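The next block is target.pdb, given as PDB, C-alpha atoms.
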ATOM      1  CA  GLU A   1     107.892 129.166  87.968
ATOM      2  CA  PRO A   2     106.809 126.545  85.413
ATOM      3  CA  GLU A   3     104.595 123.802  86.751
ATOM      4  CA  VAL A   4     102.790 120.642  85.735
ATOM      5  CA  THR A   5      99.039 121.144  85.620
ATOM      6  CA  GLN A   6      96.405 118.418  85.856
ATOM      7  CA  THR A   7      92.686 118.314  85.213
ATOM      8  CA  PRO A   8      90.249 117.467  86.619
ATOM      9  CA  SER A   9      91.249 117.783  90.252
ATOM     10  CA  HIS A  10      88.530 115.318  91.215
ATOM     11  CA  GLN A  11      86.419 112.973  89.119
ATOM     12  CA  VAL A  12      83.689 110.653  90.294
ATOM     13  CA  THR A  13      82.625 107.921  87.890
ATOM     14  CA  GLN A  14      80.614 104.752  87.788
ATOM     15  CA  MET A  15      82.342 101.404  87.483
ATOM     16  CA  GLY A  16      82.768 100.428  83.845
ATOM     17  CA  GLN A  17      82.899 104.004  82.558
ATOM     18  CA  GLU A  18      85.806 105.493  80.626
ATOM     19  CA  VAL A  19      87.868 108.218  82.229
ATOM     20  CA  ILE A  20      90.444 110.567  80.715
ATOM     21  CA  LEU A  21      92.848 112.415  82.972
ATOM     22  CA  ARG A  22      94.705 115.338  81.456
ATOM     23  CA  CYS A  23      98.112 116.824  82.124
ATOM     24  CA  VAL A  24     100.153 119.675  80.732
ATOM     25  CA  PRO A  25     103.818 118.932  81.486
ATOM     26  CA  ILE A  26     106.494 121.610  81.743
ATOM     27  CA  SER A  27     107.147 122.810  78.216
ATOM     28  CA  ASN A  28     110.843 122.005  77.763
ATOM     29  CA  HIS A  29     110.702 118.632  79.487
ATOM     30  CA  LEU A  30     111.295 115.455  77.539
ATOM     31  CA  TYR A  31     110.044 112.639  79.775
ATOM     32  CA  PHE A  32     106.495 112.224  81.004
ATOM     33  CA  TYR A  33     105.067 109.889  83.585
ATOM     34  CA  TRP A  34     101.923 108.778  85.306
ATOM     35  CA  TYR A  35     102.047 107.580  88.889
ATOM     36  CA  ARG A  36      99.195 106.740  91.197
ATOM     37  CA  GLN A  37      98.725 106.678  94.951
ATOM     38  CA  ILE A  38      95.915 104.779  96.592
ATOM     39  CA  LEU A  39      94.917 106.449  99.860
ATOM     40  CA  GLY A  40      97.414 105.607 102.586
ATOM     41  CA  GLN A  41      99.660 103.614 100.268
ATOM     42  CA  LYS A  42     102.897 104.129  98.354
ATOM     43  CA  VAL A  43     103.255 106.100  95.179
ATOM     44  CA  GLU A  44     103.270 103.548  92.334
ATOM     45  CA  PHE A  45     104.747 103.889  88.868
ATOM     46  CA  LEU A  46     102.329 103.368  85.993
ATOM     47  CA  VAL A  47     104.046 104.428  82.783
ATOM     48  CA  SER A  48     106.789 106.561  81.298
ATOM     49  CA  PHE A  49     106.653 108.224  77.891
ATOM     50  CA  TYR A  50     109.415 109.627  75.731
ATOM     51  CA  ASN A  51     109.656 110.635  72.098
ATOM     52  CA  ASN A  52     105.966 109.908  71.545
ATOM     53  CA  GLU A  53     106.043 106.356  72.763
ATOM     54  CA  ILE A  54     105.853 104.376  75.974
ATOM     55  CA  SER A  55     109.316 103.764  77.453
ATOM     56  CA  GLU A  56     108.254 101.513  80.258
ATOM     57  CA  LYS A  57     105.065 100.418  81.964
ATOM     58  CA  SER A  58     104.270  98.580  85.168
ATOM     59  CA  GLU A  59     102.108  95.517  85.740
ATOM     60  CA  ILE A  60      99.319  97.863  86.837
ATOM     61  CA  PHE A  61      99.257  99.451  83.379
ATOM     62  CA  ASP A  62      97.256  96.739  81.642
ATOM     63  CA  ASP A  63      95.144  96.870  78.486
ATOM     64  CA  GLN A  64      92.587  99.063  80.222
ATOM     65  CA  PHE A  65      95.092 101.905  80.386
ATOM     66  CA  SER A  66      96.498 104.016  77.583
ATOM     67  CA  VAL A  67      98.447 107.248  77.256
ATOM     68  CA  GLU A  68      98.614 109.789  74.523
ATOM     69  CA  ARG A  69     100.290 113.086  73.701
ATOM     70  CA  PRO A  70      97.841 114.276  71.100
ATOM     71  CA  ASP A  71      99.004 117.815  70.411
ATOM     72  CA  GLY A  72     102.542 118.335  71.720
ATOM     73  CA  SER A  73     101.433 119.885  74.987
ATOM     74  CA  ASN A  74      98.778 117.699  76.607
ATOM     75  CA  PHE A  75      99.574 114.265  78.011
ATOM     76  CA  THR A  76      96.554 112.108  78.790
ATOM     77  CA  LEU A  77      95.856 108.918  80.697
ATOM     78  CA  LYS A  78      92.778 106.979  79.655
ATOM     79  CA  ILE A  79      91.179 104.194  81.662
ATOM     80  CA  ARG A  80      88.748 102.383  79.373
ATOM     81  CA  SER A  81      86.526 100.575  81.834
ATOM     82  CA  THR A  82      87.085 101.693  85.402
ATOM     83  CA  LYS A  83      87.056  99.302  88.335
ATOM     84  CA  LEU A  84      86.548 100.057  92.015
ATOM     85  CA  GLU A  85      90.250  99.427  92.654
ATOM     86  CA  ASP A  86      91.193 102.182  90.212
ATOM     87  CA  SER A  87      90.117 104.708  92.840
ATOM     88  CA  ALA A  88      93.291 106.631  93.654
ATOM     89  CA  MET A  89      95.114 109.901  93.215
ATOM     90  CA  TYR A  90      96.764 109.976  89.785
ATOM     91  CA  PHE A  91      99.861 112.113  89.443
ATOM     92  CA  CYS A  92     101.404 113.288  86.214
ATOM     93  CA  ALA A  93     105.093 114.159  86.287
ATOM     94  CA  SER A  94     107.705 115.381  83.857
ATOM     95  CA  SER A  95     111.485 115.590  83.835
ATOM     96  CA  LYS A  96     114.062 117.341  81.731
ATOM     97  CA  LEU A  97     117.180 115.265  81.846
ATOM     98  CA  GLN A  98     117.919 112.614  79.284
ATOM     99  CA  GLY A  99     120.402 110.910  81.565
ATOM    100  CA  ARG A 100     119.801 109.113  84.822
ATOM    101  CA  GLY A 101     118.754 110.891  87.933
ATOM    102  CA  GLY A 102     116.442 113.564  86.658
ATOM    103  CA  GLU A 103     114.231 115.059  89.311
ATOM    104  CA  LEU A 104     110.533 114.694  88.706
ATOM    105  CA  PHE A 105     108.136 117.622  88.729
ATOM    106  CA  PHE A 106     104.688 116.494  89.810
ATOM    107  CA  GLY A 107     101.291 117.971  89.241
ATOM    108  CA  GLU A 108      98.805 118.336  92.070
ATOM    109  CA  GLY A 109      97.031 115.169  91.054
ATOM    110  CA  SER A 110      93.608 114.055  89.876
ATOM    111  CA  ARG A 111      91.576 112.218  92.461
ATOM    112  CA  LEU A 112      89.540 109.457  90.826
ATOM    113  CA  THR A 113      86.648 107.934  92.726
ATOM    114  CA  VAL A 114      84.999 104.887  91.155
ATOM    115  CA  LEU A 115      81.576 103.986  92.552
TER     116      LEU A 115
ATOM    117  CA  SER B   1     111.769  91.506  95.521
ATOM    118  CA  GLN B   2     112.908  95.113  95.796
ATOM    119  CA  LYS B   3     111.846  96.697  99.040
ATOM    120  CA  ILE B   4     112.059 100.209 100.478
ATOM    121  CA  GLU B   5     111.259 100.944 104.100
ATOM    122  CA  GLN B   6     110.929 104.222 105.899
ATOM    123  CA  ASN B   7     110.253 104.703 109.593
ATOM    124  CA  SER B   8     106.561 103.954 109.753
ATOM    125  CA  GLU B   9     105.833 105.823 112.955
ATOM    126  CA  ALA B  10     105.211 109.536 112.777
ATOM    127  CA  LEU B  11     108.051 111.683 114.029
ATOM    128  CA  ASN B  12     107.198 114.500 116.430
ATOM    129  CA  ILE B  13     109.906 116.998 117.290
ATOM    130  CA  GLN B  14     110.218 120.421 118.838
ATOM    131  CA  GLU B  15     110.821 123.464 116.693
ATOM    132  CA  GLY B  16     114.527 124.195 116.331
ATOM    133  CA  LYS B  17     115.623 120.575 116.723
ATOM    134  CA  THR B  18     117.047 118.369 113.981
ATOM    135  CA  ALA B  19     114.749 115.820 112.374
ATOM    136  CA  THR B  20     116.344 112.627 111.080
ATOM    137  CA  LEU B  21     114.410 110.318 108.767
ATOM    138  CA  THR B  22     115.573 106.922 107.579
ATOM    139  CA  CYS B  23     115.196 105.085 104.292
ATOM    140  CA  ASN B  24     116.361 101.469 104.034
ATOM    141  CA  TYR B  25     116.279  99.306 100.954
ATOM    142  CA  THR B  26     116.936  95.679 100.101
ATOM    143  CA  ASN B  27     117.530  93.489  97.095
ATOM    144  CA  TYR B  28     118.954  96.010  94.714
ATOM    145  CA  SER B  29     121.593  98.657  94.124
ATOM    146  CA  PRO B  30     120.147 101.966  92.997
ATOM    147  CA  ALA B  31     122.310 104.419  91.106
ATOM    148  CA  TYR B  32     120.646 107.329  92.874
ATOM    149  CA  LEU B  33     118.136 108.151  95.553
ATOM    150  CA  GLN B  34     115.727 111.051  95.822
ATOM    151  CA  TRP B  35     113.816 112.658  98.675
ATOM    152  CA  TYR B  36     110.458 114.347  98.188
ATOM    153  CA  ARG B  37     108.067 116.212 100.411
ATOM    154  CA  GLN B  38     104.324 115.542 100.200
ATOM    155  CA  ASP B  39     101.626 117.612 101.854
ATOM    156  CA  PRO B  40      98.145 116.096 102.348
ATOM    157  CA  GLY B  41      96.221 115.813  99.073
ATOM    158  CA  ARG B  42      99.062 117.242  97.003
ATOM    159  CA  GLY B  43     101.750 115.982  94.651
ATOM    160  CA  PRO B  44     105.284 115.142  95.803
ATOM    161  CA  VAL B  45     107.790 117.989  95.631
ATOM    162  CA  PHE B  46     111.435 117.210  94.870
ATOM    163  CA  LEU B  47     113.942 118.107  97.596
ATOM    164  CA  LEU B  48     117.296 116.411  97.006
ATOM    165  CA  LEU B  49     118.969 113.783  94.845
ATOM    166  CA  ILE B  50     122.091 111.866  95.832
ATOM    167  CA  ARG B  51     124.052 109.516  93.594
ATOM    168  CA  GLU B  52     125.648 106.211  94.543
ATOM    169  CA  ASN B  53     129.154 107.701  94.455
ATOM    170  CA  GLU B  54     128.195 110.569  96.783
ATOM    171  CA  LYS B  55     128.259 110.196 100.550
ATOM    172  CA  GLU B  56     126.471 113.403 101.458
ATOM    173  CA  LYS B  57     124.500 116.226  99.847
ATOM    174  CA  ARG B  58     123.319 119.484 101.388
ATOM    175  CA  LYS B  59     120.791 122.132 100.447
ATOM    176  CA  GLU B  60     120.119 124.920 102.906
ATOM    177  CA  ARG B  61     118.788 123.235 106.087
ATOM    178  CA  LEU B  62     118.562 119.809 104.415
ATOM    179  CA  LYS B  63     121.194 117.100 104.392
ATOM    180  CA  VAL B  64     121.077 113.641 102.845
ATOM    181  CA  THR B  65     123.519 110.788 103.304
ATOM    182  CA  PHE B  66     123.719 107.633 101.219
ATOM    183  CA  ASP B  67     125.465 104.514 102.510
ATOM    184  CA  THR B  68     125.426 101.853  99.790
ATOM    185  CA  THR B  69     127.040  99.308 102.124
ATOM    186  CA  LEU B  70     124.328  99.656 104.749
ATOM    187  CA  LYS B  71     121.731 100.214 101.990
ATOM    188  CA  GLN B  72     120.477 103.234 103.837
ATOM    189  CA  SER B  73     119.867 106.924 103.371
ATOM    190  CA  LEU B  74     119.377 109.427 106.178
ATOM    191  CA  PHE B  75     117.547 112.701 105.640
ATOM    192  CA  HIS B  76     118.148 115.518 108.102
ATOM    193  CA  ILE B  77     116.313 118.799 108.568
ATOM    194  CA  THR B  78     118.219 121.129 110.879
ATOM    195  CA  ALA B  79     116.650 124.021 112.796
ATOM    196  CA  SER B  80     113.235 122.537 112.040
ATOM    197  CA  GLN B  81     110.189 124.775 111.712
ATOM    198  CA  PRO B  82     106.444 124.042 111.943
ATOM    199  CA  ALA B  83     106.293 124.656 108.182
ATOM    200  CA  ASP B  84     108.483 121.563 107.721
ATOM    201  CA  SER B  85     105.586 119.395 108.922
ATOM    202  CA  ALA B  86     104.741 117.033 106.043
ATOM    203  CA  THR B  87     105.308 113.497 104.825
ATOM    204  CA  TYR B  88     108.773 112.836 103.438
ATOM    205  CA  LEU B  89     109.158 110.215 100.734
ATOM    206  CA  CYS B  90     112.243 108.342  99.678
ATOM    207  CA  ALA B  91     112.424 107.139  96.057
ATOM    208  CA  LEU B  92     115.030 105.036  94.283
ATOM    209  CA  ASP B  93     115.660 104.332  90.636
ATOM    210  CA  ALA B  94     114.763 100.829  89.566
ATOM    211  CA  GLY B  95     117.817 100.381  87.384
ATOM    212  CA  ASN B  96     116.813 102.424  84.382
ATOM    213  CA  ASN B  97     116.353 106.043  83.418
ATOM    214  CA  ARG B  98     112.815 106.669  84.258
ATOM    215  CA  LYS B  99     111.106 104.490  86.846
ATOM    216  CA  LEU B 100     111.192 105.305  90.542
ATOM    217  CA  ILE B 101     110.251 102.981  93.381
ATOM    218  CA  TRP B 102     108.877 104.724  96.469
ATOM    219  CA  GLY B 103     108.801 104.246 100.195
ATOM    220  CA  LEU B 104     105.594 104.753 102.132
ATOM    221  CA  GLY B 105     106.940 107.938 103.668
ATOM    222  CA  THR B 106     107.465 109.237 107.176
ATOM    223  CA  SER B 107     105.137 111.824 108.643
ATOM    224  CA  LEU B 108     106.967 114.635 110.417
ATOM    225  CA  ALA B 109     105.283 117.037 112.828
ATOM    226  CA  VAL B 110     107.286 119.987 114.129
ATOM    227  CA  ASN B 111     105.694 121.472 117.214
ATOM    228  CA  PRO B 112     106.076 125.178 117.984
TER     229      PRO B 112
END
Can I see the file as structure tokens?
Amino acid sequence: EPEVTQTPSHQVTQMGQEVILRCVPISNHLYFYWYRQILGQKVEFLVSFYNNEISEKSEIFDDQFSVERPDGSNFTLKIRSTKLEDSAMYFCASSKLQGRGGELFFGEGSRLTVL
Amino acid sequence: SQKIEQNSEALNIQEGKTATLTCNYTNYSPAYLQWYRQDPGRGPVFLLLIRENEKEKRKERLKVTFDTTLKQSLFHITASQPADSATYLCALDAGNNRKLIWGLGTSLAVNP
């Protein structure tokens, strides 16, 4: 069964360093997302991406964050200068439907620890 | 502001019984609502989607209801099994195609 894959599964970084989280969405899906979940808290929307551009982003997704789909298969989230509060599990997701109500397929997540 | 609440206390039930989880929301009218399962340290897994014009949806041992007047969804697992033990998340669309707003989830433990 097709699945969303994410790398790395865990990354530890120093505050102020750049981090790139990578995702390979399901191949025939059209919409791509990043969500994050701080330990013990709700899943939070970061950004959605369609047709090679950002469709929507949340207040969390400030200038320190960027996304890219460099080669038609990978979908990356970059954090330019990490802060302690960026420590969280970052989930990539993809969906197929163009209309409303498409189920999301999530990867297993990348745990980011900022020291 | 938009708010989603799920029963915060963990639910413990005996194997074979029906588990019922609640999702309440305020301050908006979602077009659809989704339920996901999340195991510790893993990504959410989609279970069911119900639209605003649907009262009930079933899939095997799972049943979801959606009452837009009460602003509530109920999620039922019948004939529960220990393997159903997980956190169950409710998510609603925020009025557009692609952004979901999530509840904190309810932890379910099914005891053998």
Notebook entry, point to check: Any idea what's packed within 9 Å of Leu104 in chain B, counting only C-alpha atoms, ignoring anything in its chain fewer than 2 positions away? Could you give it as a PyMOL selection string?
Noted result: (chain A and resi 40-43) or (chain B and resi 4-8+88-90+102+106)
The selected residues should be written to file as a PDB file, in the coordinates of the input (atoms: C-alpha atoms).
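Done, and the output landed in part.pdb:
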ATOM      1  CA  GLY A  40      97.414 105.607 102.586  1.00  0.00           C
ATOM      2  CA  GLN A  41      99.660 103.614 100.268  1.00  0.00           C
ATOM      3  CA  LYS A  42     102.897 104.129  98.354  1.00  0.00           C
ATOM      4  CA  VAL A  43     103.255 106.100  95.179  1.00  0.00           C
TER       5      VAL A  43
ATOM      6  CA  ILE B   4     112.059 100.209 100.478  1.00  0.00           C
ATOM      7  CA  GLU B   5     111.259 100.944 104.100  1.00  0.00           C
ATOM      8  CA  GLN B   6     110.929 104.222 105.899  1.00  0.00           C
ATOM      9  CA  ASN B   7     110.253 104.703 109.593  1.00  0.00           C
ATOM     10  CA  SER B   8     106.561 103.954 109.753  1.00  0.00           C
ATOM     11  CA  TYR B  88     108.773 112.836 103.438  1.00  0.00           C
ATOM     12  CA  LEU B  89     109.158 110.215 100.734  1.00  0.00           C
ATOM     13  CA  CYS B  90     112.243 108.342  99.678  1.00  0.00           C
ATOM     14  CA  TRP B 102     108.877 104.724  96.469  1.00  0.00           C
ATOM     15  CA  THR B 106     107.465 109.237 107.176  1.00  0.00           C
TER      16      THR B 106
END
Residues within 9 Å of Gly109 in chain A, please, as a tab-separated table (two decimals) with C-alpha atoms, keeping the file's coordinate frame. Count only C-alpha atoms; anything in the same chain fewer than 3 positions from it doesn't count.
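Result file follows (result09.tsv):
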chain	number	residue	atom	x	y	z
A	5	THR	CA	99.04	121.14	85.62
A	6	GLN	CA	96.40	118.42	85.86
A	7	THR	CA	92.69	118.31	85.21
A	8	PRO	CA	90.25	117.47	86.62
A	9	SER	CA	91.25	117.78	90.25
A	10	HIS	CA	88.53	115.32	91.22
A	36	ARG	CA	99.20	106.74	91.20
A	89	MET	CA	95.11	109.90	93.22
A	90	TYR	CA	96.76	109.98	89.78
A	91	PHE	CA	99.86	112.11	89.44
A	92	CYS	CA	101.40	113.29	86.21
A	106	PHE	CA	104.69	116.49	89.81
B	41	GLY	CA	96.22	115.81	99.07
B	42	ARG	CA	99.06	117.24	97.00
B	43	GLY	CA	101.75	115.98	94.65
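Considering only C-alpha atoms, the residue among B:Asp39, B:Glu15, B:Asp84, B:Glu9 positioned nearest to chain A is B:Asp39.
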Next item on the list: Rank nothing, just name the residue among B:Ala86, B:Ala91, B:Gln81, B:Gly103 nearest to Gln14 in chain B, using only C-alpha atoms.
Entry: B:Gln81
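One distance worth recording is that between CA of Pro25 in chain A and CA of Gly72 in chain A, which is 9.9 Å.
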Note to self: Tell me as a list in words which residues belonging to chain B come within 9 Å of chain A, counting all atoms listed in the file.
What the structure shows: Ala31, Tyr32, Leu33, Gln34, Gly41, Arg42, Gly43, Pro44, Val45, Phe46, Leu47, Leu48, Leu49, Ile50, Arg51, Asp93, Asn96, Asn97, Arg98, Lys99, Leu100, Ile101, Trp102, Gly103, Leu104 and Gly105 of chain B
Can I get the selected residues back with C-alpha atoms, as a tab-separated table (two decimals), in the coordinates of the input?
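Result file follows (again02.tsv):
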chain	number	residue	atom	x	y	z
B	31	ALA	CA	122.31	104.42	91.11
B	32	TYR	CA	120.65	107.33	92.87
B	33	LEU	CA	118.14	108.15	95.55
B	34	GLN	CA	115.73	111.05	95.82
B	41	GLY	CA	96.22	115.81	99.07
B	42	ARG	CA	99.06	117.24	97.00
B	43	GLY	CA	101.75	115.98	94.65
B	44	PRO	CA	105.28	115.14	95.80
B	45	VAL	CA	107.79	117.99	95.63
B	46	PHE	CA	111.44	117.21	94.87
B	47	LEU	CA	113.94	118.11	97.60
B	48	LEU	CA	117.30	116.41	97.01
B	49	LEU	CA	118.97	113.78	94.84
B	50	ILE	CA	122.09	111.87	95.83
B	51	ARG	CA	124.05	109.52	93.59
B	93	ASP	CA	115.66	104.33	90.64
B	96	ASN	CA	116.81	102.42	84.38
B	97	ASN	CA	116.35	106.04	83.42
B	98	ARG	CA	112.82	106.67	84.26
B	99	LYS	CA	111.11	104.49	86.85
B	100	LEU	CA	111.19	105.30	90.54
B	101	ILE	CA	110.25	102.98	93.38
B	102	TRP	CA	108.88	104.72	96.47
B	103	GLY	CA	108.80	104.25	100.20
B	104	LEU	CA	105.59	104.75	102.13
B	105	GLY	CA	106.94	107.94	103.67
Checklist line | Ground truth for the PyMOL selection byres ((chain B and resi 78) around 8), written as a PyMOL selection string | finding: chain B and resi 16-19+61-62+76-77+79-80
